[in-house]
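Undergrad: As input, take model-v4.txt (compact mmCIF, C-alpha atoms):
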# COMPACT_ATOMS: atom_id res chain seq x y z
CA MET A 168 -7.98 61.53 72.11
CA THR A 169 -9.46 63.15 69.07
CA GLU A 170 -7.71 63.86 65.84
CA ASN A 171 -7.89 67.57 66.65
CA ASP A 172 -6.19 67.02 70.06
CA LEU A 173 -3.46 64.99 68.40
CA GLY A 174 -2.93 67.73 65.83
CA GLU A 175 -2.63 70.35 68.58
CA ARG A 176 -0.08 68.25 70.48
CA ILE A 177 2.00 67.66 67.35
CA GLY A 178 1.85 71.38 66.59
CA ALA A 179 3.01 72.21 70.14
CA LEU A 180 5.87 69.70 69.88
CA LEU A 181 6.97 71.13 66.54
CA PHE A 182 6.86 74.67 67.97
CA TYR A 183 8.95 73.53 70.95
CA ALA A 184 11.45 71.73 68.68
CA LYS A 185 11.82 74.86 66.52
CA ARG A 186 12.53 76.96 69.64
CA VAL A 187 15.16 74.48 70.87
CA ILE A 188 16.85 74.43 67.47
CA ALA A 189 16.73 78.24 67.20
CA THR A 190 18.21 78.59 70.70
CA GLN A 191 21.01 76.16 69.84
CA LEU A 192 21.75 77.99 66.58
CA ASN A 193 21.89 81.32 68.46
CA LYS A 194 24.33 79.81 70.99
CA GLU A 195 26.51 78.45 68.18
CA ASP A 196 26.38 81.81 66.37
CA SER A 197 27.31 83.61 69.58
CA MET A 198 30.19 81.20 70.23
CA SER A 199 31.38 81.67 66.66
CA LYS A 200 31.28 85.47 67.07
CA HIS A 201 33.21 85.24 70.31
CA THR A 202 35.84 83.05 68.66
CA ASP A 203 36.10 85.57 65.81
CA TYR A 204 36.58 88.42 68.32
CA GLU A 205 39.29 86.46 70.11
CA LYS A 206 41.12 85.65 66.86
CA ARG A 207 40.96 89.26 65.66
CA THR A 208 42.26 90.47 69.02
CA GLU A 209 45.16 88.01 68.75
CA GLU A 210 45.99 89.39 65.30
CA LEU A 211 46.04 92.94 66.66
CA ILE A 212 47.95 92.30 69.87
CA LEU A 213 50.68 89.91 68.67
CA PRO A 214 52.80 92.59 66.91
CA ILE A 215 52.64 94.78 70.03
CA LEU A 216 53.68 91.90 72.29
CA ASP A 217 56.47 90.81 69.93
CA GLU A 218 57.85 94.36 69.94
CA MET A 219 57.72 94.48 73.76
CA GLY A 220 59.19 90.98 74.23
CA PHE A 221 56.02 89.53 75.77
CA GLU A 222 54.11 86.34 75.05
CA LEU A 223 50.37 86.06 74.44
CA TYR A 224 49.09 83.45 76.87
CA ASP A 225 45.40 83.60 75.97
CA VAL A 226 42.52 85.80 74.83
CA GLU A 227 38.93 85.39 75.96
CA TYR A 228 35.68 87.17 75.20
CA VAL A 229 33.11 86.38 77.91
CA LYS A 230 29.88 87.69 79.35
CA GLU A 231 29.83 88.21 83.10
CA GLY A 232 26.59 89.56 84.48
CA ALA A 233 25.38 92.30 82.16
CA ASP A 234 28.85 93.10 80.76
CA TYR A 235 31.08 91.59 78.10
CA TYR A 236 34.82 91.37 78.74
CA LEU A 237 37.62 91.06 76.22
CA ARG A 238 40.68 89.84 78.15
CA ALA A 239 44.22 89.40 76.98
CA TYR A 240 46.53 87.39 79.22
CA ILE A 241 50.20 88.19 78.66
CA ASP A 242 53.40 86.72 80.07
CA LYS A 243 57.19 87.02 79.95
CA ASP A 244 60.18 85.45 81.66
CA GLY A 245 60.26 86.78 85.19
CA GLY A 246 56.55 87.62 85.15
CA ILE A 247 54.35 90.50 84.09
CA THR A 248 54.05 93.73 86.09
CA ILE A 249 51.10 96.09 86.37
CA ASP A 250 53.06 98.62 84.31
CA ASP A 251 53.46 96.01 81.55
CA CYS A 252 49.68 95.48 81.51
CA VAL A 253 49.05 99.23 81.41
CA ASP A 254 51.48 99.73 78.50
CA VAL A 255 49.90 96.94 76.44
CA SER A 256 46.39 98.11 77.31
CA ARG A 257 47.09 101.68 76.16
CA ARG A 258 48.54 100.53 72.85
CA MET A 259 45.72 98.05 72.25
CA ASN A 260 43.00 100.56 73.12
CA GLU A 261 44.18 102.77 70.26
CA LEU A 262 43.76 99.85 67.85
CA LEU A 263 40.50 98.58 69.34
CA ASP A 264 38.89 102.04 69.11
CA ASN A 265 39.25 101.73 65.33
CA GLU A 266 38.19 98.07 65.13
CA PRO A 267 34.42 97.86 64.64
CA SER A 268 34.49 94.11 64.00
CA ILE A 269 35.11 93.31 67.68
CA GLY A 270 32.11 93.45 69.96
CA ASP A 271 29.70 94.63 67.26
CA ASN A 272 27.04 96.57 69.12
CA GLU A 273 27.47 94.67 72.40
CA GLY A 274 30.21 96.90 73.78
CA TYR A 275 32.85 95.38 76.04
CA ILE A 276 35.43 96.10 78.71
CA PHE A 277 39.02 95.43 77.62
CA GLU A 278 41.43 94.07 80.23
CA VAL A 279 45.08 93.03 80.10
CA SER A 280 46.34 90.71 82.81
CA SER A 281 48.93 88.15 83.79
CA PRO A 282 47.61 84.59 83.68
CA GLY A 283 48.54 84.37 87.38
CA LEU A 284 50.28 81.72 89.44
CA GLY A 285 47.34 79.30 89.32
CA ARG A 286 46.93 79.76 85.60
CA VAL A 287 44.45 77.67 83.65
CA LEU A 288 46.14 75.33 81.16
CA LYS A 289 43.95 75.51 78.04
CA LYS A 290 46.31 74.92 75.17
CA ASP A 291 48.94 72.31 74.37
CA LYS A 292 51.67 74.96 74.64
CA HIS A 293 50.51 75.61 78.24
CA LEU A 294 50.66 71.90 79.05
CA GLU A 295 54.09 71.54 77.43
CA LYS A 296 55.53 74.33 79.60
CA SER A 297 53.97 72.76 82.70
CA ILE A 298 55.34 69.21 82.39
CA GLY A 299 56.86 68.28 85.75
CA GLN A 300 54.75 70.80 87.70
CA ASP A 301 51.87 70.12 90.08
CA VAL A 302 48.41 70.67 88.63
CA ASP A 303 44.85 70.71 89.96
CA ILE A 304 42.32 68.88 87.81
CA LYS A 305 38.54 69.19 88.08
CA THR A 306 36.42 66.66 86.20
CA TYR A 307 32.83 66.92 85.00
CA LYS A 308 31.84 63.69 86.74
CA PRO A 309 33.38 61.66 89.56
CA ILE A 310 36.26 59.34 88.71
CA ASN A 311 36.84 56.73 91.40
CA GLY A 312 34.53 58.77 93.64
CA ALA A 313 36.30 62.13 93.24
CA LYS A 314 36.02 65.17 90.96
CA GLU A 315 39.18 67.01 92.08
CA PHE A 316 42.74 65.75 91.79
CA THR A 317 46.20 67.21 92.44
CA GLY A 318 49.36 65.64 91.08
CA CYS A 319 52.40 66.13 88.85
CA LEU A 320 51.70 66.60 85.14
CA THR A 321 53.87 64.01 83.41
CA ALA A 322 52.51 63.69 79.86
CA PHE A 323 49.70 64.58 77.49
CA ASP A 324 48.50 63.84 73.99
CA LYS A 325 45.47 64.84 71.95
CA ASP A 326 43.15 62.58 73.98
CA THR A 327 44.64 62.24 77.47
CA ILE A 328 46.47 64.04 80.26
CA THR A 329 48.66 61.92 82.53
CA VAL A 330 49.28 62.88 86.15
CA THR A 331 51.49 61.16 88.74
CA PHE A 332 50.25 60.93 92.32
CA ASP A 333 52.02 59.70 95.47
CA ASP A 334 50.24 56.36 95.03
CA GLY A 335 50.40 55.91 91.26
CA VAL A 336 49.70 57.31 87.80
CA GLU A 337 46.33 58.24 86.26
CA SER A 338 45.51 59.15 82.67
CA PHE A 339 42.45 61.37 82.29
CA ASN A 340 40.47 61.67 79.07
CA ARG A 341 40.54 65.32 78.03
CA ALA A 342 36.79 65.19 77.40
CA ASP A 343 36.28 64.39 81.11
CA ILE A 344 38.32 67.40 82.34
CA ALA A 345 36.39 70.55 83.19
CA GLN A 346 39.53 72.50 84.11
CA ILE A 347 43.23 71.99 84.66
CA ARG A 348 45.39 74.63 86.28
CA LEU A 349 48.77 74.99 87.95
CA SER A 350 48.56 74.09 91.61
CA ILE A 351 49.40 76.78 94.15
CA ASP A 352 51.03 75.72 97.40
CA ILE A 353 49.70 77.85 100.22
Written as C-alpha cells, that's how I'd like the structure from this file.
TA:
Amino acid sequence: MTENDLGERIGALLFYAKRVIATQLNKEDSMSKHTDYEKRTEELILPILDEMGFELYDVEYVKEGADYYLRAYIDKDGGITIDDCVDVSRRMNELLDNEPSIGDNEGYIFEVSSPGLGRVLKKDKHLEKSIGQDVDIKTYKPINGAKEFTGCLTAFDKDTITVTFDDGVESFNRADIAQIRLSIDI
C-alpha cells in the first residue's frame, strides 16, 4: 500500500465519520425539537383541560409515513368520549393556529384521543395509577428466553419495574423495557 492509498483511505474514513456525526446531531436536534413541541403543546392545553375537568395523559409529536402528528391524550374519571375529544380539539386548534413555534415548516396533523384501555405506561404517574393491575411488558432482548411478559404491576422505582406472576416475582431494569402497557383481557 502506497502512502497515497493510505491517505485516500484515511480521507474516506474521516468523510464517513463526519457523516455519521452529522446524522447523529441531526437526529438529536430533531428529537430536541419534538420535545420542545410537546412541551409547548402541554403548556397550551393544560389550562383548557383544567377548565374542563380533564387530565393530560400524554403528548407526542411523531412522524408516521410522510406526515407528522401532534397527539394529545386526555383522560377523566369515567373515561373520555368522542365529544370530549372534539371539544378539546376545537379549542386547541384556535391556539395552535396562532402558535408558529410548533411544527415550524413541517406542518402536522393535530389529534386528541383517549389513551385507550391498553394504554402505554410512559411516566411514573402512569405506573403509580396502575399498581395492582395487569400489565404487558415487551423487552428489547430476551430475558430467560422470552421478550414478552404479562403479570401484575406491584412496584417501581427509578431503575426497576416489579411484576408478580403466578409462579413468582420479577424485577425488570427499566433500560431493558421497550414498552409497558395495561393488559387487556379479551
Undergrad: Any idea what's packed within 10 Å of Pro282 (chain A), counting only C-alpha atoms, ignoring anything in its chain fewer than 2 positions away? Could you give it as an MDAnalysis selection string?
TA: chainID A and resid 223:225 239:242 246:247 279:280 284:288
Undergrad: How would the residues just picked look written out with C-alpha atoms as a short mmCIF file (atom, residue, chain, number, x, y, z; two decimals), keeping the file's coordinate frame?
TA:
data_model
loop_
_atom_site.label_atom_id
_atom_site.label_comp_id
_atom_site.auth_asym_id
_atom_site.auth_seq_id
_atom_site.Cartn_x
_atom_site.Cartn_y
_atom_site.Cartn_z
CA LEU A 223 50.37 86.06 74.44
CA TYR A 224 49.09 83.45 76.87
CA ASP A 225 45.40 83.60 75.97
CA ALA A 239 44.22 89.40 76.98
CA TYR A 240 46.53 87.39 79.22
CA ILE A 241 50.20 88.19 78.66
CA ASP A 242 53.40 86.72 80.07
CA GLY A 246 56.55 87.62 85.15
CA ILE A 247 54.35 90.50 84.09
CA VAL A 279 45.08 93.03 80.10
CA SER A 280 46.34 90.71 82.81
CA LEU A 284 50.28 81.72 89.44
CA GLY A 285 47.34 79.30 89.32
CA ARG A 286 46.93 79.76 85.60
CA VAL A 287 44.45 77.67 83.65
CA LEU A 288 46.14 75.33 81.16
#
Undergrad: CA of Val226 (chain A) to CA of Asp303 (chain A): how many Å, to one decimal?
TA: 21.5 Å
Undergrad: Give me the residues within 12 Å of Asp334 (chain A) as JSON, numbers by chain, counting all atoms listed in the file and dropping any in the same chain fewer than 5 places off.
TA: {"A": [317, 318, 319]}
Undergrad: Hey, which of A:Asp324, A:Asp301, A:Asp352, A:Glu278 ends up closest to Val229 (chain A)? Count only C-alpha atoms.
TA: A:Glu278
Undergrad: Need to verify the contact set: region 258-268 of chain A, 12 Å, all atoms listed in the file, exclusion of same-chain residues closer than 5 positions in sequence. Can you return it as a ChimeraX atom specification?
TA: /A:200-201,203-216,218-219,237-239,251-253,273-279
Undergrad: What's around Glu337 (chain A) at 12 Å? Count all atoms listed in the file, leave out sequence neighbours fewer than 4 positions away in its own chain, and write the answer as a list of chain:residue names.
TA: A:Ile304, A:Ile310, A:Asn311, A:Phe316, A:Thr317, A:Gly318, A:Cys319, A:Leu320, A:Thr321, A:Ala322, A:Phe323, A:Thr327, A:Ile328, A:Thr329, A:Val330, A:Thr331, A:Phe332, A:Asp333
